[in-house]
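Below is the file model-v2.csv, which contains CSV, C-alpha atoms.
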```
chain,number,residue,atom,x,y,z
A,5,MET,CA,88.9,123.8,101.3
A,6,ALA,CA,86.1,121.3,101.0
A,7,LYS,CA,83.2,121.9,98.6
A,8,LEU,CA,79.7,120.8,99.5
A,9,VAL,CA,77.9,118.8,96.8
A,10,GLY,CA,74.2,119.2,96.4
A,11,GLU,CA,71.8,116.3,96.2
A,12,LYS,CA,71.2,116.7,92.4
A,13,ASP,CA,75.0,116.7,91.8
A,14,ALA,CA,75.5,113.7,94.1
A,15,ARG,CA,72.8,111.8,92.2
A,16,GLU,CA,74.6,112.6,88.9
A,17,ILE,CA,78.0,111.6,90.2
A,18,PHE,CA,76.9,108.4,92.0
A,19,GLY,CA,74.2,107.3,89.6
A,20,ALA,CA,75.7,108.4,86.3
A,21,PRO,CA,75.0,105.9,83.4
A,22,ASP,CA,77.7,103.5,82.5
A,23,PRO,CA,78.9,104.6,79.0
A,24,ALA,CA,79.4,101.0,77.9
A,25,ASP,CA,75.8,100.0,78.1
A,26,ASN,CA,74.0,103.2,79.3
A,27,THR,CA,72.8,101.5,82.5
A,28,TYR,CA,73.0,103.2,85.9
A,29,LYS,CA,75.8,101.7,88.1
A,30,PRO,CA,76.4,103.8,91.2
A,31,PHE,CA,79.8,104.0,92.7
A,32,ALA,CA,80.5,101.5,95.5
A,33,TYR,CA,81.2,103.0,98.9
A,34,THR,CA,84.8,101.8,98.7
A,35,GLU,CA,85.3,103.5,95.4
A,36,PHE,CA,84.0,106.7,96.9
A,37,LEU,CA,86.4,106.4,99.8
A,38,ALA,CA,89.3,105.7,97.5
A,39,ALA,CA,88.5,108.8,95.5
A,40,THR,CA,88.2,111.1,98.5
A,41,PHE,CA,91.0,109.6,100.6
A,42,ASP,CA,93.7,112.0,101.7
A,43,ARG,CA,96.7,109.8,101.5
A,44,LYS,CA,99.3,112.3,102.9
A,45,GLN,CA,97.3,112.7,106.1
A,46,SER,CA,96.4,109.1,106.5
A,47,LEU,CA,99.5,107.2,105.4
A,48,THR,CA,101.1,106.7,108.8
A,49,THR,CA,103.2,103.8,110.0
A,50,ALA,CA,100.4,102.6,112.2
A,51,VAL,CA,97.9,102.6,109.2
A,52,CYS,CA,100.5,100.8,107.1
A,53,LYS,CA,101.1,98.2,109.8
A,54,THR,CA,97.3,97.5,109.9
A,55,ALA,CA,97.2,97.2,106.1
A,56,PHE,CA,100.2,94.9,106.1
A,57,ALA,CA,98.6,92.8,108.8
A,58,ALA,CA,95.5,92.3,106.6
A,59,PHE,CA,97.7,90.6,104.0
A,60,ASP,CA,100.0,88.9,106.5
A,61,ARG,CA,97.4,86.4,107.5
A,62,ASN,CA,99.7,84.0,109.4
A,63,SER,CA,101.5,86.9,111.2
A,64,ASP,CA,105.0,85.8,110.3
A,65,GLY,CA,106.1,89.3,109.3
A,66,THR,CA,106.0,88.6,105.6
A,67,ILE,CA,103.3,88.5,102.8
A,68,SER,CA,103.7,85.3,100.8
A,69,MET,CA,102.3,84.3,97.4
A,70,ALA,CA,99.9,82.0,99.3
A,71,GLU,CA,98.6,84.9,101.4
A,72,LEU,CA,98.2,87.2,98.3
A,73,THR,CA,96.2,84.6,96.5
A,74,SER,CA,93.9,83.6,99.4
A,75,GLY,CA,90.7,85.5,99.8
A,76,ARG,CA,89.8,88.6,97.8
A,77,LEU,CA,92.2,91.2,99.1
A,78,LEU,CA,93.5,92.0,95.7
A,79,GLY,CA,90.2,91.8,93.9
A,80,ALA,CA,90.1,90.2,90.5
A,81,LEU,CA,93.9,89.9,89.8
A,82,THR,CA,95.0,86.6,88.2
A,83,VAL,CA,97.6,84.4,89.8
A,84,GLU,CA,100.0,85.5,87.1
A,85,GLU,CA,99.4,89.1,87.9
A,86,ILE,CA,99.8,88.5,91.6
A,87,SER,CA,103.0,86.6,91.0
A,88,GLU,CA,104.4,89.4,88.8
A,89,THR,CA,103.4,92.0,91.5
A,90,LEU,CA,105.2,89.9,94.2
A,91,LYS,CA,108.3,89.8,92.0
A,92,GLN,CA,108.3,93.5,91.5
A,93,LEU,CA,107.8,94.3,95.2
A,94,ASP,CA,110.2,91.6,96.6
A,95,LYS,CA,113.5,93.6,96.6
A,96,ASN,CA,115.5,91.0,98.6
A,97,GLY,CA,114.5,88.0,96.5
A,98,ASP,CA,113.1,85.9,99.4
A,99,GLN,CA,109.7,85.4,97.5
A,100,ALA,CA,107.8,87.3,100.2
A,101,ILE,CA,107.1,91.0,101.0
A,102,ASP,CA,108.4,92.1,104.4
A,103,PHE,CA,107.2,95.3,106.1
A,104,GLN,CA,110.2,97.3,105.0
A,105,GLU,CA,109.4,96.4,101.3
A,106,PHE,CA,105.8,97.2,101.9
A,107,MET,CA,106.6,100.6,103.3
A,108,ALA,CA,109.0,101.3,100.4
A,109,VAL,CA,106.1,100.7,98.0
A,110,MET,CA,103.7,102.9,100.1
A,111,LYS,CA,106.2,105.8,100.2
A,112,ASP,CA,106.9,105.4,96.4
A,113,ASP,CA,103.2,105.5,95.7
A,114,GLU,CA,102.7,108.5,97.9
A,115,GLU,CA,105.5,110.5,96.3
A,116,GLY,CA,104.4,109.4,92.8
A,117,GLY,CA,100.7,109.9,93.1
```

Take the structure I supplied and represent it as structure tokens, if you would.
Amino acid sequence: MAKLVGEKDAREIFGAPDPADNTYKPFAYTEFLAATFDRKQSLTTAVCKTAFAAFDRNSDGTISMAELTSGRLLGALTVEEISETLKQLDKNGDQAIDFQEFMAVMKDDEEGG
């Protein structure tokens, strides 16, 4: 059951001071969405295909190292971190992530978290 949050509580949650330097840094909208996202209801094959397509920029059915390192899809990861992630996810050793490998990760993440 959803619980409503009052304005005062919302201000405290979204405008709480950063413990590192005691400055106010509100949550970004995407951080809020991630925190409230109901993965079990939303993790459908269609949603995963859309997410996969965001990474598969050349639409060849795989996500390559070049696609992972282009743009800002993975945030502030280093090339080394992205390379290691690719190695971990690439189960068939072709140096790319296909949709089946992508779905395996999504299902593992759903079951584990």

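Take atom CA of Thr54 of chain A and atom CA of Glu35 of chain A: the distance between them is 19.8 Å.
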
Q. Which is closest to Ser68 of chain A among A:Ala38, A:Ala55, A:Leu8, A:Ala100, if we use only C-alpha atoms?
A. A:Ala100

Q. Quick one: distance from atom CA of Lys111 of chain A to atom CA of Gly97 of chain A in Å, one decimal?
A. 20.0 Å

(Q) Using all atoms listed in the file for the distances, tell me which of A:Leu81, A:Lys95, A:Lys53, A:Ser87 is nearest to Met69 of chain A. (A) A:Ser87

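Using all atoms listed in the file, the contacts of segment 58-61 of chain A at a cut-off of 12 Å, with sequence neighbours closer than 2 positions omitted, comprise A:Val51, A:Cys52, A:Lys53, A:Thr54, A:Ala55, A:Phe56, A:Ser63, A:Asp64, A:Gly65, A:Thr66, A:Ile67, A:Ser68, A:Met69, A:Ala70, A:Glu71, A:Leu72, A:Thr73, A:Ser74, A:Gly75, A:Arg76, A:Leu77, A:Leu78, A:Ala100, A:Ile101, A:Asp102, A:Phe103, A:Phe106.
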
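Pairwise distance (atom CA of Met110 of chain A, atom CA of Asp98 of chain A) equals 19.4 Å.
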